[in-house]
Amino acid sequence: MEEVANKKKKFSWNNTRWQNLALFILIFLSLALHIATINNPTDTVFDEYYYTADSYNITQNMGTERVEHTPVGKLFIAAGIMAFGNNPIGWRLPSIIVGTLMLVLFYDICRRLNMKHKYAFLATMLLAFETTFFLHSSIAMLDIFMVFFSFVAFWLYLKGWYELCAVAIALSGLAKISGVLTGFPIVFHWLFTGFRQSIAKIPEGTNYPLFKRLVIKYGETARFILSMFLAPLSFVLMMPLFDWIIWGHWIDPVAQIANMGSMTKAIGFDAYLNPETGLYNAPIPTRPWEWILSPTGAFYFYGWLFNPEKYTICVLGYTSDPDYTCMLNPTTWIYSMALLPYGIYKWIKTKGSAFIFAVCWMIGTWAVWIPISIMTDRSSFLFYFLPTVGACCLIGALIIEDLIKHMNKTPSKAKRLIEKIILMVLIVGHLVAFCVLSPDKLYISIPISLIVLALTIDQLGFDFKLNYKDDDLIEEASAEIESNEERQEETMNEPIANKEYDILSIPESEFDFGPEFDDDSDCEI
């Protein structure tokens with residue numbers, strides 16, 4: 001027992017230090033890739049054209065022209081312009097900083113969902129080298145700030161800080177109005193898991209007054225519900241403050257919200273249709289189900305099926321020099337297709353907290369768009385899937401974890417080899433897709449991807465064997481200690497009357513009558 005405990009302590013300390021270093025290297029390399037392309041191109045990319053001009057107007061006390069968008073995202077970009085000038089560095093550095101911080105948050109979210117370090121690291125790697133995420137954390141668009149506060153809200157929720165979580169939800173909506181959907185995954189997850197856990201048991205034999213009994217039993221439940229009501233209240237209260245920074249005077253938040261709603265609702269799919277040709281001017285408007293129906297993530301399956309003559313392009317290109325193409329990695333696309341069926345299956349079978357959260361995450365940030373799109377016909381876009389990319393990377397790491405566990409239980413060497421090849425294809429393929437699709441030059445992205453590949457294999461365990469003496473050894477030691485302690489407690493707590501012993505079969509070591517006394521010693525009864 002003591003030897004096992006010493007192993008646990010030894011490897012926990014040593015590997016925690018190396019795990020933190022590995023995570024730091026991964027995040028640093030991701031940051032280096034961002035910095036390498038920050039000035040390329042020197043012109044605006046896609047919707048940067050609107051947001052950089054709007055943010056520059058804010059720095060000149062000229063207000064904003066894009067009044068259909070909430071203010072926080074534009075203020076981030078304006079802060080970059082004030083600090084570094086009206087140039088690509090000023091435009092894009094806030095997005096890069098926020099995107100880098102999101103990797104730290106995402107790793108800790110995975111850990112709080114009871115994922116081992118190696119798989120939390122893998123999920124973080126998948127997110128860092130996911131093209132859609134990398135693109136939006138490289139350019140001056142509002143979406144990355146919205147998703148950043150979503151991550152903050154998830155992290156605060158998992159820590160049990162519900163009040164601050166509500167404020168983060170409001171800030172996500174204030175970065176971009178669709179950020180209000182951040183509350184859905186949290187509420188869904190709490191209803192499925194947190195509701196029962198929040199109901200406390202009142203100790204037997206207590207004679208508390210009725211009100212105190214209700215507070216003890218349902219206090220945590222009431223706290224969460226009231227916190228969620230705090231989110232819209234925070235939104236309404238903080239919005240005039242940020243508008244005041246932009247305009248220099250008070251603006252009625254209720255009227256502002258109504259104005260934004262009417263403006264965004266008016267932008268339907270027909271707004272992007274050329275009335276003369278009947279063709280879409282660009283491959284921009286997409287239905288929510290089209291975001292995951294093909295590897296490109298922008299294939300007009302629904303529209304093409306019924307009106308193929310209207311669709312000529314299936315990739316959403318932000319710019320071609322360098323290549324800024326809003327497209328999911330093929331591996332991420334696979335994970336997005338598998339998330340709901342596989343996640344729900346594992347949820348039912350194992351009750352794993354990470355699977356439950358991933359399912360709620362996707363339902364709350366993607367599935368809710370389907371009825372919204374059908375009922376309002378409001379145009380939606382491929383990059384609206386960005387808030388769900390984290391859930392896809394999370395389920396991707398969990399799928400790989402299950403593959404590794406299955407591989408190590410497979411007696412056949414041939415089958416293990418096939419499974420090992422599949423694992424390598426998923427991990428290497430993700431990095432290869434990034435090198436091909438990302439705006440970084442190949443002579444930069446390939447060496448960094450090779451370093452990340454080696455680092456990932458090292459964290460998973462060399463040769464993908466679970467014998468790297470990290471979390472598995474710690475977990476094995478902990479399980480042995482806990483098992484021994486549970487057996488001792490059960491033996492001590494079990495009533496003597498319920499024990500059926502054969503007196504002749506009980507070893508002498510089982511008899512414990514307390515301290516031994518010599519026959520000649522004096523003792524008082």
# chains A, B, ... in the order shown; residues from 1 in each chain; ligands from 1
call {"tool": "residues_around", "arguments": {"residues": "range 372-385 of chain A", "least_positions_apart": "3", "cutoff": "6 Å", "atoms": "only C-alpha atoms", "output": "PDB file with N, CA and C atoms, in the first residue's frame"}}
result
ATOM      1  N   LYS A 265     -33.433  40.390 -38.927  1.00  0.00           N
ATOM      2  CA  LYS A 265     -34.526  39.562 -39.443  1.00  0.00           C
ATOM      3  C   LYS A 265     -34.806  39.854 -40.908  1.00  0.00           C
ATOM      4  N   GLY A 268     -32.778  38.036 -45.383  1.00  0.00           N
ATOM      5  CA  GLY A 268     -33.136  36.665 -45.715  1.00  0.00           C
ATOM      6  C   GLY A 268     -32.218  36.084 -46.774  1.00  0.00           C
ATOM      7  N   PHE A 269     -32.479  34.861 -47.156  1.00  0.00           N
ATOM      8  CA  PHE A 269     -31.648  34.201 -48.161  1.00  0.00           C
ATOM      9  C   PHE A 269     -31.753  34.885 -49.525  1.00  0.00           C
ATOM     10  N   PRO A 285     -24.788  32.213 -48.083  1.00  0.00           N
ATOM     11  CA  PRO A 285     -25.883  31.774 -47.213  1.00  0.00           C
ATOM     12  C   PRO A 285     -26.060  30.264 -47.230  1.00  0.00           C
ATOM     13  N   THR A 286     -26.111  29.678 -46.057  1.00  0.00           N
ATOM     14  CA  THR A 286     -26.277  28.229 -45.934  1.00  0.00           C
ATOM     15  C   THR A 286     -27.234  27.922 -44.794  1.00  0.00           C
ATOM     16  N   TRP A 291     -24.130  22.872 -42.891  1.00  0.00           N
ATOM     17  CA  TRP A 291     -22.803  23.103 -42.330  1.00  0.00           C
ATOM     18  C   TRP A 291     -22.033  21.816 -42.109  1.00  0.00           C
ATOM     19  N   TRP A 369     -30.344  26.187 -34.249  1.00  0.00           N
ATOM     20  CA  TRP A 369     -30.426  27.007 -35.453  1.00  0.00           C
ATOM     21  C   TRP A 369     -31.405  26.435 -36.473  1.00  0.00           C
ATOM     22  N   THR A 388     -19.610  25.617 -32.343  1.00  0.00           N
ATOM     23  CA  THR A 388     -19.755  24.174 -32.145  1.00  0.00           C
ATOM     24  C   THR A 388     -18.457  23.423 -32.405  1.00  0.00           C
TER      25      THR A 388
END
call {"tool": "residues_around", "arguments": {"residues": "Ile446 in chain A", "least_positions_apart": "5", "cutoff": "9 Å", "atoms": "only C-alpha atoms", "output": "list in words"}}
result
Leu431, Val432, Cys435, Lys441 and Ile451 of chain A
call {"tool": "select_by_dssp", "arguments": {"residues": "range 337-384 of chain A", "states": "alpha helix (DSSP H)", "output": "NGL selection string"}}
result
:A and (337-350 or 353-362 or 369-376)
call {"tool": "atom_distance", "arguments": {"atom1": "CA of Ile245 in chain A", "atom2": "CA of His136 in chain A"}}
result
25.2 Å
call {"tool": "residues_around", "arguments": {"residues": "range 75-92 of chain A", "least_positions_apart": "3", "cutoff": "7 Å", "atoms": "only C-alpha atoms", "output": "ChimeraX atom specification"}}
result
/A:38-39,42,52,55-56,58-59,71-72,95-96,138-140
call {"tool": "write_last_selection", "arguments": {"atoms": "N, CA and C atoms", "output": "mmCIF file, in the first residue's frame"}}
result
data_model
loop_
_atom_site.group_PDB
_atom_site.id
_atom_site.type_symbol
_atom_site.label_atom_id
_atom_site.label_comp_id
_atom_site.auth_asym_id
_atom_site.auth_seq_id
_atom_site.Cartn_x
_atom_site.Cartn_y
_atom_site.Cartn_z
ATOM 1 N N ILE A 38 0.122 37.288 -39.544
ATOM 2 C CA ILE A 38 -0.678 38.433 -39.111
ATOM 3 C C ILE A 38 -0.658 39.571 -40.129
ATOM 4 N N ASN A 39 0.433 39.730 -40.860
ATOM 5 C CA ASN A 39 0.546 40.802 -41.842
ATOM 6 C C ASN A 39 0.238 40.348 -43.257
ATOM 7 N N THR A 42 -1.976 42.308 -46.286
ATOM 8 C CA THR A 42 -2.008 43.630 -45.669
ATOM 9 C C THR A 42 -3.363 44.307 -45.855
ATOM 10 N N THR A 52 -13.286 46.487 -39.417
ATOM 11 C CA THR A 52 -12.130 47.349 -39.163
ATOM 12 C C THR A 52 -12.483 48.821 -39.400
ATOM 13 N N SER A 55 -14.624 49.857 -36.440
ATOM 14 C CA SER A 55 -13.817 50.006 -35.224
ATOM 15 C C SER A 55 -12.932 51.246 -35.300
ATOM 16 N N TYR A 56 -12.428 51.550 -36.476
ATOM 17 C CA TYR A 56 -11.626 52.776 -36.625
ATOM 18 C C TYR A 56 -12.488 54.008 -36.369
ATOM 19 N N ILE A 58 -14.884 54.193 -34.316
ATOM 20 C CA ILE A 58 -15.024 54.294 -32.862
ATOM 21 C C ILE A 58 -13.830 55.017 -32.258
ATOM 22 N N THR A 59 -12.628 54.709 -32.740
ATOM 23 C CA THR A 59 -11.433 55.373 -32.198
ATOM 24 C C THR A 59 -11.409 56.861 -32.533
ATOM 25 N N PRO A 71 -21.908 45.729 -29.304
ATOM 26 C CA PRO A 71 -20.697 46.558 -29.338
ATOM 27 C C PRO A 71 -19.384 45.905 -28.911
ATOM 28 N N VAL A 72 -19.393 44.850 -28.100
ATOM 29 C CA VAL A 72 -18.158 44.409 -27.447
ATOM 30 C C VAL A 72 -17.099 43.938 -28.442
ATOM 31 N N SER A 95 -7.826 39.362 -31.823
ATOM 32 C CA SER A 95 -8.357 38.023 -32.129
ATOM 33 C C SER A 95 -7.341 36.948 -31.802
ATOM 34 N N ILE A 96 -6.077 37.196 -32.102
ATOM 35 C CA ILE A 96 -5.026 36.209 -31.840
ATOM 36 C C ILE A 96 -4.866 35.986 -30.337
ATOM 37 N N SER A 138 -7.532 34.499 -36.312
ATOM 38 C CA SER A 138 -6.447 35.197 -37.018
ATOM 39 C C SER A 138 -6.905 36.500 -37.654
ATOM 40 N N ILE A 139 -8.215 36.706 -37.763
ATOM 41 C CA ILE A 139 -8.717 37.876 -38.479
ATOM 42 C C ILE A 139 -9.679 38.656 -37.598
ATOM 43 N N ALA A 140 -9.952 39.888 -38.018
ATOM 44 C CA ALA A 140 -10.760 40.818 -37.214
ATOM 45 C C ALA A 140 -12.240 40.657 -37.527
#
call {"tool": "residues_around", "arguments": {"residues": "Asn114 in chain A", "least_positions_apart": "6", "cutoff": "9 Å", "atoms": "only C-alpha atoms", "output": "VMD selection string"}}
result
chain A and resid 352 to 354
call {"tool": "atom_distance", "arguments": {"atom1": "CA of Phe434 in chain A", "atom2": "CA of Ser449 in chain A"}}
result
8.6 Å
call {"tool": "atom_distance", "arguments": {"atom1": "CA of Thr37 in chain A", "atom2": "CA of Cys393 in chain A"}}
result
23.6 Å
call {"tool": "closest_residue", "arguments": {"among": "A:Glu68, A:Glu290, A:Asp54, A:Glu419", "to": "Ala367 in chain A", "atoms": "only C-alpha atoms"}}
result
A:Glu290
call {"tool": "residues_around", "arguments": {"residues": "Phe188 in chain A", "least_positions_apart": "5", "cutoff": "9 Å", "atoms": "only C-alpha atoms", "output": "ChimeraX atom specification"}}
result
/A:183,193,357,360-361,363-364
